[in-house]
$ cat target_21.cif   # mmCIF, C-alpha atoms
data_query
#
loop_
_atom_site.label_atom_id
_atom_site.label_comp_id
_atom_site.auth_asym_id
_atom_site.auth_seq_id
_atom_site.Cartn_x
_atom_site.Cartn_y
_atom_site.Cartn_z
CA MET A 245 -6.57 35.27 -59.23
CA GLU A 246 -9.87 36.61 -60.53
CA PHE A 247 -10.34 33.42 -62.54
CA ILE A 248 -9.77 31.31 -59.45
CA THR A 249 -12.10 33.50 -57.41
CA GLU A 250 -14.84 33.25 -60.02
CA LEU A 251 -14.31 29.52 -60.33
CA TYR A 252 -14.62 29.11 -56.57
CA LYS A 253 -17.80 31.20 -56.47
CA GLU A 254 -19.38 29.16 -59.23
CA ASN A 255 -18.37 25.80 -57.72
CA SER A 256 -18.06 26.67 -54.01
CA PHE A 257 -20.58 24.05 -52.95
CA ILE A 258 -18.76 21.21 -54.70
CA ILE A 259 -15.33 22.49 -53.67
CA ASN A 260 -16.35 22.69 -50.01
CA ILE A 261 -17.77 19.19 -50.09
CA VAL A 262 -14.63 17.82 -51.71
CA SER A 263 -12.39 19.77 -49.32
CA GLY A 264 -14.31 18.59 -46.28
CA PHE A 265 -14.22 15.01 -47.53
CA LEU A 266 -10.47 15.22 -48.19
CA ILE A 267 -9.85 16.65 -44.70
CA PHE A 268 -11.84 13.78 -43.20
CA LEU A 269 -9.89 11.26 -45.29
CA VAL A 270 -6.55 12.73 -44.18
CA PHE A 271 -7.51 12.52 -40.49
CA PHE A 272 -8.98 9.04 -41.01
CA ALA A 273 -5.84 7.76 -42.74
CA LEU A 274 -3.35 9.36 -40.34
CA ARG A 275 -5.27 9.02 -37.05
CA ASN A 276 -3.08 6.18 -35.78
CA LYS A 277 0.15 7.96 -36.72
CA PHE A 278 -1.01 11.17 -35.04
CA SER A 279 -1.90 9.16 -31.91
CA SER A 280 1.42 7.30 -31.84
CA LEU A 281 3.39 10.52 -32.29
CA ILE A 282 1.64 12.36 -29.46
CA LEU A 283 1.68 9.38 -27.09
CA SER A 284 5.36 8.75 -27.80
CA LEU A 285 6.13 12.36 -26.90
CA PHE A 286 4.18 12.24 -23.62
CA GLY A 287 5.49 8.75 -22.88
CA LYS A 288 9.08 10.00 -23.02
CA ILE A 289 8.21 12.81 -20.62
CA LEU A 290 6.22 10.72 -18.12
CA TYR A 291 7.96 7.34 -18.27
CA SER A 292 11.45 7.96 -19.59
CA LYS A 293 12.94 5.55 -17.02
CA ASN A 294 10.30 2.85 -17.31
CA PRO A 295 10.01 1.39 -20.85
CA GLU A 296 7.36 -1.13 -19.81
CA ARG A 297 4.97 1.47 -18.42
CA LYS A 298 5.69 3.70 -21.41
CA LYS A 299 4.62 0.89 -23.74
CA ARG A 300 1.45 0.19 -21.77
CA PHE A 301 0.65 3.92 -21.65
CA LYS A 302 0.71 4.04 -25.44
CA GLU A 303 -1.33 0.86 -25.81
CA ASN A 304 -4.04 2.01 -23.39
CA LEU A 305 -4.59 5.48 -24.85
CA LYS A 306 -3.98 4.83 -28.54
CA LYS A 307 -7.55 3.80 -29.35
CA PRO A 308 -9.29 6.74 -27.58
CA LEU A 309 -6.85 9.21 -29.16
CA SER A 310 -7.36 7.65 -32.61
CA VAL A 311 -11.12 8.09 -32.25
CA PHE A 312 -10.50 11.70 -31.21
CA PHE A 313 -8.64 12.46 -34.44
CA LEU A 314 -11.35 10.66 -36.42
CA ILE A 315 -14.10 12.80 -34.85
CA LEU A 316 -11.94 15.93 -35.17
CA GLY A 317 -11.52 15.28 -38.90
CA LEU A 318 -15.26 14.67 -39.26
CA TYR A 319 -16.08 17.86 -37.37
CA ILE A 320 -13.69 19.99 -39.46
CA GLY A 321 -14.95 18.38 -42.68
CA ILE A 322 -18.57 19.14 -41.79
CA SER A 323 -17.77 22.64 -40.52
CA VAL A 324 -16.22 23.55 -43.88
CA ASN A 325 -19.61 23.02 -45.50
CA TYR A 326 -22.09 23.62 -42.73
CA GLN A 327 -21.70 25.46 -39.43
CA HIS A 328 -24.32 25.14 -36.76
CA GLU A 329 -24.43 25.39 -32.98
CA LYS A 330 -25.76 21.83 -32.65
CA ILE A 331 -22.76 20.46 -34.55
CA THR A 332 -20.42 22.24 -32.14
CA ASP A 333 -22.42 20.93 -29.16
CA ALA A 334 -22.26 17.40 -30.56
CA PHE A 335 -18.49 17.75 -30.97
CA LYS A 336 -18.17 18.94 -27.34
CA ILE A 337 -20.19 15.96 -26.09
CA ALA A 338 -18.03 13.61 -28.14
CA MET A 339 -14.90 15.18 -26.61
CA ILE A 340 -16.29 14.72 -23.10
CA ILE A 341 -16.97 11.05 -23.81
CA ILE A 342 -13.50 10.53 -25.29
CA VAL A 343 -11.80 12.22 -22.34
CA CYS A 344 -13.85 10.06 -19.96
CA TRP A 345 -12.90 6.97 -21.96
CA SER A 346 -9.21 7.91 -21.86
CA VAL A 347 -9.25 8.49 -18.09
CA LEU A 348 -10.96 5.14 -17.52
CA CYS A 349 -8.35 3.37 -19.65
CA TYR A 350 -5.53 5.07 -17.77
CA ILE A 351 -7.01 4.24 -14.35
CA SER A 352 -7.54 0.59 -15.22
CA ASP A 353 -3.91 -0.06 -16.09
CA ASN A 354 -1.89 2.48 -14.12
CA LEU A 355 -3.51 2.64 -10.69
CA TYR A 356 -1.61 -0.32 -9.23
CA ALA A 357 1.69 0.94 -10.64
CA ALA A 358 1.04 4.42 -9.25
CA PHE A 359 0.36 3.08 -5.74
CA SER A 360 3.38 0.78 -5.97
CA SER A 361 5.89 3.54 -6.73
CA LYS A 362 8.97 4.35 -4.66
CA GLY A 363 9.56 0.74 -3.65
CA ASN A 364 6.30 0.52 -1.72
CA PRO A 365 4.32 -2.27 -3.42
CA VAL A 366 0.64 -2.62 -2.62
CA SER A 367 -0.05 -6.18 -1.53
CA ASN A 368 -3.81 -5.78 -1.35
CA GLY A 369 -5.27 -6.17 -4.84
CA VAL A 370 -8.84 -5.99 -3.51
CA ALA A 371 -8.26 -2.51 -2.12
CA VAL A 372 -6.67 -1.29 -5.36
CA LYS A 373 -9.58 -2.72 -7.36
CA PHE A 374 -12.04 -0.97 -5.04
CA ILE A 375 -10.29 2.37 -5.46
CA SER A 376 -10.13 1.84 -9.22
CA ASN A 377 -13.86 1.17 -9.45
CA LEU A 378 -14.65 4.12 -7.19
CA LEU A 379 -12.60 6.48 -9.36
CA LYS A 380 -14.28 5.12 -12.50
CA VAL A 381 -17.74 5.78 -11.04
CA ILE A 382 -16.71 9.33 -10.13
CA VAL A 383 -15.31 9.98 -13.63
CA VAL A 384 -18.45 8.60 -15.32
CA CYS A 385 -20.72 10.68 -13.05
CA ILE A 386 -18.76 13.85 -13.88
CA ALA A 387 -18.96 13.02 -17.60
CA VAL A 388 -22.74 12.42 -17.41
CA VAL A 389 -23.28 15.72 -15.61
CA MET A 390 -21.18 17.59 -18.22
CA VAL A 391 -23.07 15.93 -21.09
CA LEU A 392 -26.43 16.84 -19.54
CA ALA A 393 -25.22 20.42 -19.12
CA GLU A 394 -24.22 20.55 -22.81
CA LEU A 395 -27.66 19.22 -23.78
CA GLY A 396 -29.25 22.16 -21.96
CA TYR A 397 -30.67 20.37 -18.93
CA ASN A 398 -30.73 22.10 -15.57
CA ILE A 399 -28.37 20.02 -13.47
CA ASN A 400 -28.74 22.03 -10.25
CA GLY A 401 -31.70 19.94 -9.13
CA LEU A 402 -29.85 16.74 -10.01
CA ILE A 403 -26.77 17.76 -8.03
CA THR A 404 -28.93 18.77 -5.06
CA GLY A 405 -30.76 15.45 -5.18
CA LEU A 406 -27.52 13.51 -5.34
CA GLY A 407 -26.19 15.49 -2.39
CA VAL A 408 -29.28 14.80 -0.27
CA GLY A 409 -29.25 11.14 -1.29
CA GLY A 410 -25.56 10.83 -0.49
CA LEU A 411 -26.12 12.41 2.93
CA ALA A 412 -28.92 9.96 3.69
CA VAL A 413 -26.80 7.00 2.65
CA SER A 414 -23.81 8.20 4.67
CA LEU A 415 -25.95 8.64 7.81
CA SER A 416 -27.46 5.18 7.48
CA ALA A 417 -24.10 3.51 6.87
CA GLN A 418 -21.76 5.32 9.23
CA ASP A 419 -20.01 2.16 10.47
CA THR A 420 -19.46 0.88 6.93
CA LEU A 421 -18.08 4.22 5.79
CA LYS A 422 -15.83 4.38 8.84
CA ASN A 423 -14.44 0.95 7.99
CA LEU A 424 -13.93 1.98 4.35
CA ILE A 425 -12.06 5.12 5.37
CA SER A 426 -9.97 3.06 7.78
CA GLY A 427 -9.26 0.68 4.89
CA PHE A 428 -7.82 3.60 2.93
CA VAL A 429 -5.71 4.57 5.96
CA ILE A 430 -4.32 1.02 6.23
CA LEU A 431 -3.68 0.94 2.47
CA PHE A 432 -1.70 4.17 2.34
CA ASP A 433 -0.09 4.18 5.79
CA LYS A 434 0.72 0.42 5.54
CA PRO A 435 1.24 -0.39 9.24
CA PHE A 436 1.29 -4.07 8.19
CA ASP A 437 1.09 -6.32 5.13
CA VAL A 438 -0.42 -9.70 4.41
CA GLY A 439 1.75 -12.33 6.14
CA ASP A 440 2.92 -10.05 8.99
CA LEU A 441 2.68 -11.11 12.63
CA ILE A 442 0.93 -8.29 14.52
CA GLU A 443 -0.29 -7.75 18.07
CA THR A 444 -2.79 -5.36 19.64
CA SER A 445 -4.21 -5.19 23.15
CA ASP A 446 -6.99 -7.58 22.06
CA PHE A 447 -5.30 -10.18 19.83
CA LYS A 448 -2.10 -11.51 18.30
CA GLY A 449 -1.84 -13.30 14.97
CA ILE A 450 -0.80 -13.36 11.32
CA VAL A 451 -2.53 -11.12 8.77
CA GLU A 452 -4.15 -13.33 6.12
CA ASP A 453 -6.16 -10.79 4.12
CA ILE A 454 -6.99 -7.08 4.05
CA THR A 455 -10.20 -5.86 2.44
CA MET A 456 -11.69 -2.39 2.41
CA ARG A 457 -14.08 -3.31 5.25
CA SER A 458 -12.15 -5.73 7.47
CA THR A 459 -8.88 -7.55 8.12
CA ARG A 460 -8.65 -11.32 8.60
CA ILE A 461 -6.24 -12.46 11.33
CA ARG A 462 -5.06 -16.04 11.89
CA LYS A 463 -4.56 -16.19 15.67
CA LEU A 464 -1.83 -18.26 17.29
CA ASP A 465 -4.39 -20.91 18.29
CA ASP A 466 -5.18 -21.25 14.53
CA SER A 467 -8.62 -19.66 14.83
CA VAL A 468 -9.57 -16.90 12.37
CA LEU A 469 -10.56 -13.46 13.63
CA ILE A 470 -12.35 -10.95 11.39
CA VAL A 471 -11.55 -7.45 12.68
CA PRO A 472 -13.24 -4.26 11.35
CA ASN A 473 -10.66 -1.92 9.86
CA SER A 474 -11.81 0.90 12.13
CA ALA A 475 -10.86 -1.17 15.20
CA ILE A 476 -7.33 -1.78 13.87
CA ALA A 477 -6.87 1.80 12.67
CA ASP A 478 -7.71 3.10 16.16
CA ALA A 479 -5.54 0.54 17.99
CA SER A 480 -1.85 0.50 18.80
CA VAL A 481 -0.35 -2.22 16.59
CA SER A 482 2.95 -4.00 17.16
CA ASN A 483 4.29 -5.41 13.89
CA TYR A 484 6.80 -8.16 14.59
CA ALA A 485 7.53 -8.58 10.88
CA ARG A 486 9.27 -5.18 10.89
CA LEU A 487 11.80 -6.31 13.50
CA THR A 488 15.45 -6.22 12.48
CA LYS A 489 16.60 -8.09 15.60
CA LYS A 490 15.06 -9.82 18.60
CA LEU A 491 15.50 -9.13 22.31
CA VAL A 492 16.83 -11.65 24.81
CA GLU A 493 16.04 -10.62 28.39
CA PHE A 494 15.63 -12.71 31.52
CA ASN A 495 16.88 -13.15 35.09
CA ILE A 496 18.63 -16.05 36.75
CA GLY A 497 18.74 -16.54 40.51
CA ILE A 498 21.74 -18.07 42.27
CA LEU A 499 22.18 -19.05 45.89
CA TYR A 500 22.67 -16.44 48.60
CA SER A 501 25.58 -18.55 49.83
CA ALA A 502 27.57 -17.63 46.68
CA SER A 503 30.45 -15.26 47.39
CA ASN A 504 31.00 -11.95 45.65
CA ASN A 505 33.84 -13.45 43.61
CA ILE A 506 31.62 -16.29 42.41
CA ILE A 507 28.86 -13.87 41.40
CA LYS A 508 31.31 -11.72 39.45
CA LYS A 509 32.87 -14.79 37.83
CA CYS A 510 29.44 -16.03 36.68
CA GLU A 511 28.66 -12.61 35.20
CA GLU A 512 32.04 -12.46 33.44
CA ASP A 513 31.71 -15.97 31.95
CA ILE A 514 28.19 -15.32 30.67
CA LYS A 515 29.23 -11.99 29.16
CA ASN A 516 32.28 -13.58 27.48
CA TYR A 517 30.08 -16.29 26.01
CA LEU A 518 27.61 -13.75 24.60
CA THR A 519 30.45 -11.65 23.21
CA GLY A 520 31.81 -14.67 21.35
CA CYS A 521 28.45 -15.52 19.72
CA GLU A 522 28.08 -14.48 16.09
CA LEU A 523 24.38 -13.64 16.40
CA THR A 524 24.59 -11.22 19.33
CA ASP A 525 24.74 -7.45 18.96
CA LYS A 526 27.90 -6.81 20.97
CA ASP A 527 26.99 -3.22 21.92
CA THR A 528 23.77 -4.32 23.62
CA ILE A 529 25.14 -7.08 25.89
CA ARG A 530 24.31 -6.42 29.55
CA VAL A 531 24.99 -8.89 32.39
CA PHE A 532 24.81 -7.47 35.93
CA PHE A 533 23.78 -8.08 39.54
CA GLU A 534 20.26 -6.67 39.46
CA GLY A 535 19.15 -7.09 43.05
CA TYR A 536 18.04 -9.31 45.90
CA GLY A 537 15.11 -11.62 45.37
CA ASP A 538 13.06 -13.41 48.01
CA SER A 539 15.14 -16.56 47.67
CA ALA A 540 17.97 -15.71 45.27
CA ILE A 541 20.53 -13.22 44.07
CA ASN A 542 19.17 -12.01 40.73
CA ILE A 543 21.46 -11.60 37.73
CA LYS A 544 19.96 -9.78 34.72
CA ILE A 545 20.94 -10.97 31.21
CA ARG A 546 19.99 -8.74 28.32
CA CYS A 547 21.09 -8.46 24.67
CA TYR A 548 19.80 -8.31 21.10
CA VAL A 549 20.16 -11.15 18.60
CA ASN A 550 20.65 -10.26 14.93
CA THR A 551 17.91 -12.47 13.54
CA THR A 552 14.14 -12.38 13.11
CA ASP A 553 13.80 -16.07 12.35
CA ILE A 554 11.93 -17.64 15.25
CA ASN A 555 13.63 -21.03 14.82
CA ILE A 556 17.13 -19.54 14.91
CA TYR A 557 16.11 -17.41 17.89
CA ASN A 558 14.77 -20.41 19.81
CA ASP A 559 17.91 -22.44 19.04
CA PHE A 560 20.03 -19.57 20.34
CA LEU A 561 18.00 -19.39 23.58
CA GLU A 562 18.31 -23.12 24.16
CA THR A 563 22.08 -23.08 23.62
CA LEU A 564 22.42 -20.04 25.88
CA ASN A 565 20.42 -21.66 28.67
CA PHE A 566 22.55 -24.81 28.56
CA GLU A 567 25.71 -22.69 28.63
CA ILE A 568 24.50 -20.64 31.61
CA LYS A 569 23.71 -23.86 33.50
CA SER A 570 27.23 -25.11 32.81
CA ILE A 571 28.77 -21.80 33.90
CA VAL A 572 26.85 -21.80 37.20
CA GLU A 573 27.82 -25.41 37.94
CA LYS A 574 31.47 -24.78 36.96
CA ASN A 575 31.68 -21.93 39.48
CA ASN A 576 30.62 -24.18 42.35
CA THR A 577 27.23 -22.64 42.99
CA ASP A 578 23.66 -23.46 41.98
CA PHE A 579 20.35 -21.95 41.02
CA ALA A 580 18.18 -20.87 43.89
CA TYR A 581 14.57 -21.89 44.34
CA PRO A 582 11.89 -20.59 46.67
CA THR A 583 12.39 -21.80 50.23
CA ARG A 584 10.56 -21.22 53.47
CA SER A 585 11.87 -21.72 57.00
CA ILE A 586 9.40 -22.94 59.60
CA ILE A 587 10.26 -22.43 63.27
CA LEU A 588 8.42 -24.63 65.76
CA GLU A 589 8.23 -23.20 69.25
CA ASN A 590 7.86 -25.51 72.20
CA ASN A 591 5.25 -23.90 74.44
CA LYS A 592 5.36 -26.06 77.54
#

$ encode --input "target_21.cif" --output "structure tokens"
Amino acid sequence: MEFITELYKENSFIINIVSGFLIFLVFFALRNKFSSLILSLFGKILYSKNPERKKRFKENLKKPLSVFFLILGLYIGISVNYQHEKITDAFKIAMIIIVCWSVLCYISDNLYAAFSSKGNPVSNGVAVKFISNLLKVIVVCIAVVMVLAELGYNINGLITGLGVGGLAVSLSAQDTLKNLISGFVILFDKPFDVGDLIETSDFKGIVEDITMRSTRIRKLDDSVLIVPNSAIADASVSNYARLTKKLVEFNIGILYSASNNIIKKCEEDIKNYLTGCELTDKDTIRVFFEGYGDSAINIKIRCYVNTTDINIYNDFLETLNFEIKSIVEKNNTDFAYPTRSIILENNK
């Protein structure tokens, strides 16, 4: 032991250099294996049920993690021979940059998948790209502030300046910011998707595109309407694409001369026809004598049809109308129409 101790004392400089170099070589040679091992472990924990995302997770973070082990080996190799506060500060800055790099890589590839989880796919790629870029800017700004702090700069003034500048920008662009926030609300709440037929108190049309500032609507007259997101977010929106069935509801008017038996027979025949239709929801069928109109006895017909296809719905209505006409004629009555009696008095 004394011989080894003496040998080390006499050749400590050379031994430290060789040791540091060997440590660096080990980390350099095994950096990819270290990265793969760690990423495989975390991949199993995070994406055990999704092999594709697990593979992409490893591919995205392998390079930043490999550089981390390379710099770690270099830092340990240098520290064996020479320890100084500036070396430690440089290592900290390098770690901040690597962490920032890793977060940016993760955001770029996993943001869409994260927002599309639980069977709720995000149809608006523009919005996802906007959020991705916004998060990247925030991460880079945080990294820059941390690096400046490590370099010894006073960042209080910088943060104050950014806060004042941000306040000025937000005050001068209130409408734009309101639309952006509303865009986030539409993205996460998803009251409608591209391709949905929607209606508000001001318009009705098909959603063609959703951006972070506005939504493009193709109206039923084929004109295009650009609506600010804040206007849609504040409005009551009917989304016809979310229908699971469509409502059939209308009145028919038959002659006052029709007897009670004829009225009941018309109701019964119409109800039997609706009950026999495959498309109708049997529990919702209602056919009844609603009341007295100005020129007719009003019969209300109401039911739901188990389809959302407008062509099938229209075909059903046409067939139903023809059948009702036949039923009324078969029961020896007719549809009423507005009439007016004029009495002429002879004033002689």

$ resolve_selection --input "target_21.cif" --expression "the PyMOL selection byres ((chain A and resi 445-453) around 9)" --output "MDAnalysis selection string"
chainID A and resid 368 436:444 454:455 458:466 468:469 479:481

$ residues_around --input "target_21.cif" --residues "range 542-549 of chain A" --least-positions-apart "5" --cutoff "7 Å" --atoms "only C-alpha atoms" --output "VMD selection string"
chain A and resid 489 to 498 523 to 525 528 to 537

$ residues_around --input "target_21.cif" --residues "Ile322 in chain A" --least-positions-apart "4" --cutoff "7 Å" --atoms "all atoms listed in the file" --output "list in words"
Gly264, Leu318 and Tyr326 of chain A

$ closest_residue --input "target_21.cif" --among "A:Pro308, A:Gly317, A:Gly287, A:Pro295" --to "Phe265 in chain A" --atoms "all atoms listed in the file"
A:Gly317

$ atom_distance --input "target_21.cif" --atom1 "CA of Leu283 in chain A" --atom2 "CA of Lys306 in chain A"
7.4 Å

$ axis_aligned_box --input "target_21.cif" --around "range 478-487 of chain A" --padding-each-side "6 Å" --output "JSON"
{"center_x": 2.0, "center_y": -2.7, "center_z": 14.8, "size_x": 31.5, "size_y": 23.7, "size_z": 19.9}

$ atom_distance --input "target_21.cif" --atom1 "CA of Asn325 in chain A" --atom2 "CA of Phe313 in chain A"
18.8 Å

$ residues_around --input "target_21.cif" --residues "Phe268 in chain A" --least-positions-apart "4" --cutoff "12 Å" --atoms "all atoms listed in the file" --output "JSON, numbers by chain"
{"A": [261, 262, 263, 264, 272, 273, 274, 275, 313, 314, 315, 316, 317, 318, 319, 320, 321, 322, 323, 324]}

$ closest_residue --input "target_21.cif" --among "A:Ala540, A:Leu487, A:Ile351, A:Leu499" --to "Ile554 in chain A" --atoms "all atoms listed in the file"
A:Leu487

$ atom_distance --input "target_21.cif" --atom1 "CA of Asp553 in chain A" --atom2 "CA of Glu512 in chain A"
28.1 Å

$ closest_residue --input "target_21.cif" --among "A:Asn555, A:Thr577, A:Val384, A:Glu567" --to "Ile341 in chain A" --atoms "all atoms listed in the file"
A:Val384

$ resolve_selection --input "target_21.cif" --expression "the PyMOL selection byres ((chain A and resi 297-300) around 9)" --output "PyMOL selection string"
chain A and resi 283-284+286-288+290-296+301-305+353-354+357

$ closest_residue --input "target_21.cif" --among "A:Gly427, A:Gly396, A:Pro582, A:Gly520" --to "Ala477 in chain A" --atoms "all atoms listed in the file"
A:Gly427

$ closest_residue --input "target_21.cif" --among "A:Pro472, A:Leu379, A:Val391, A:Tyr484" --to "Ile425 in chain A" --atoms "only C-alpha atoms"
A:Pro472

$ resolve_selection --input "target_21.cif" --expression "the PyMOL selection byres ((chain A and resi 571) around 10)" --output "JSON, numbers by chain"
{"A": [509, 510, 511, 512, 513, 514, 517, 565, 566, 567, 568, 569, 570, 572, 573, 574, 575, 576, 577, 578]}

$ build_atoms --input "target_21.cif" --residues "range 259-273 of chain A" --atoms "N, CA and C atoms" --output "PDB file, in the coordinates of the input"
ATOM      1  N   ILE A 259     -16.689  22.387 -54.209  1.00  0.00           N
ATOM      2  CA  ILE A 259     -15.330  22.490 -53.670  1.00  0.00           C
ATOM      3  C   ILE A 259     -15.317  22.281 -52.160  1.00  0.00           C
ATOM      4  N   ASN A 260     -16.278  22.856 -51.457  1.00  0.00           N
ATOM      5  CA  ASN A 260     -16.350  22.690 -50.010  1.00  0.00           C
ATOM      6  C   ASN A 260     -16.601  21.236 -49.614  1.00  0.00           C
ATOM      7  N   ILE A 261     -17.492  20.600 -50.387  1.00  0.00           N
ATOM      8  CA  ILE A 261     -17.770  19.190 -50.090  1.00  0.00           C
ATOM      9  C   ILE A 261     -16.523  18.345 -50.287  1.00  0.00           C
ATOM     10  N   VAL A 262     -15.845  18.584 -51.423  1.00  0.00           N
ATOM     11  CA  VAL A 262     -14.630  17.820 -51.710  1.00  0.00           C
ATOM     12  C   VAL A 262     -13.556  18.114 -50.673  1.00  0.00           C
ATOM     13  N   SER A 263     -13.407  19.392 -50.320  1.00  0.00           N
ATOM     14  CA  SER A 263     -12.390  19.770 -49.320  1.00  0.00           C
ATOM     15  C   SER A 263     -12.678  19.117 -47.967  1.00  0.00           C
ATOM     16  N   GLY A 264     -13.935  19.194 -47.551  1.00  0.00           N
ATOM     17  CA  GLY A 264     -14.310  18.590 -46.280  1.00  0.00           C
ATOM     18  C   GLY A 264     -14.075  17.082 -46.286  1.00  0.00           C
ATOM     19  N   PHE A 265     -14.412  16.450 -47.433  1.00  0.00           N
ATOM     20  CA  PHE A 265     -14.220  15.010 -47.530  1.00  0.00           C
ATOM     21  C   PHE A 265     -12.736  14.649 -47.499  1.00  0.00           C
ATOM     22  N   LEU A 266     -11.908  15.461 -48.192  1.00  0.00           N
ATOM     23  CA  LEU A 266     -10.470  15.220 -48.190  1.00  0.00           C
ATOM     24  C   LEU A 266      -9.867  15.399 -46.793  1.00  0.00           C
ATOM     25  N   ILE A 267     -10.332  16.429 -46.073  1.00  0.00           N
ATOM     26  CA  ILE A 267      -9.850  16.650 -44.700  1.00  0.00           C
ATOM     27  C   ILE A 267     -10.186  15.445 -43.826  1.00  0.00           C
ATOM     28  N   PHE A 268     -11.430  14.958 -43.987  1.00  0.00           N
ATOM     29  CA  PHE A 268     -11.840  13.780 -43.200  1.00  0.00           C
ATOM     30  C   PHE A 268     -10.975  12.571 -43.560  1.00  0.00           C
ATOM     31  N   LEU A 269     -10.703  12.388 -44.854  1.00  0.00           N
ATOM     32  CA  LEU A 269      -9.890  11.260 -45.290  1.00  0.00           C
ATOM     33  C   LEU A 269      -8.469  11.333 -44.733  1.00  0.00           C
ATOM     34  N   VAL A 270      -7.908  12.550 -44.719  1.00  0.00           N
ATOM     35  CA  VAL A 270      -6.550  12.730 -44.180  1.00  0.00           C
ATOM     36  C   VAL A 270      -6.511  12.340 -42.698  1.00  0.00           C
ATOM     37  N   PHE A 271      -7.470  12.853 -41.929  1.00  0.00           N
ATOM     38  CA  PHE A 271      -7.510  12.520 -40.490  1.00  0.00           C
ATOM     39  C   PHE A 271      -7.789  11.033 -40.290  1.00  0.00           C
ATOM     40  N   PHE A 272      -8.652  10.463 -41.128  1.00  0.00           N
ATOM     41  CA  PHE A 272      -8.980   9.040 -41.010  1.00  0.00           C
ATOM     42  C   PHE A 272      -7.745   8.175 -41.303  1.00  0.00           C
ATOM     43  N   ALA A 273      -7.000   8.554 -42.340  1.00  0.00           N
ATOM     44  CA  ALA A 273      -5.840   7.760 -42.740  1.00  0.00           C
ATOM     45  C   ALA A 273      -4.670   7.904 -41.769  1.00  0.00           C
TER      46      ALA A 273
END
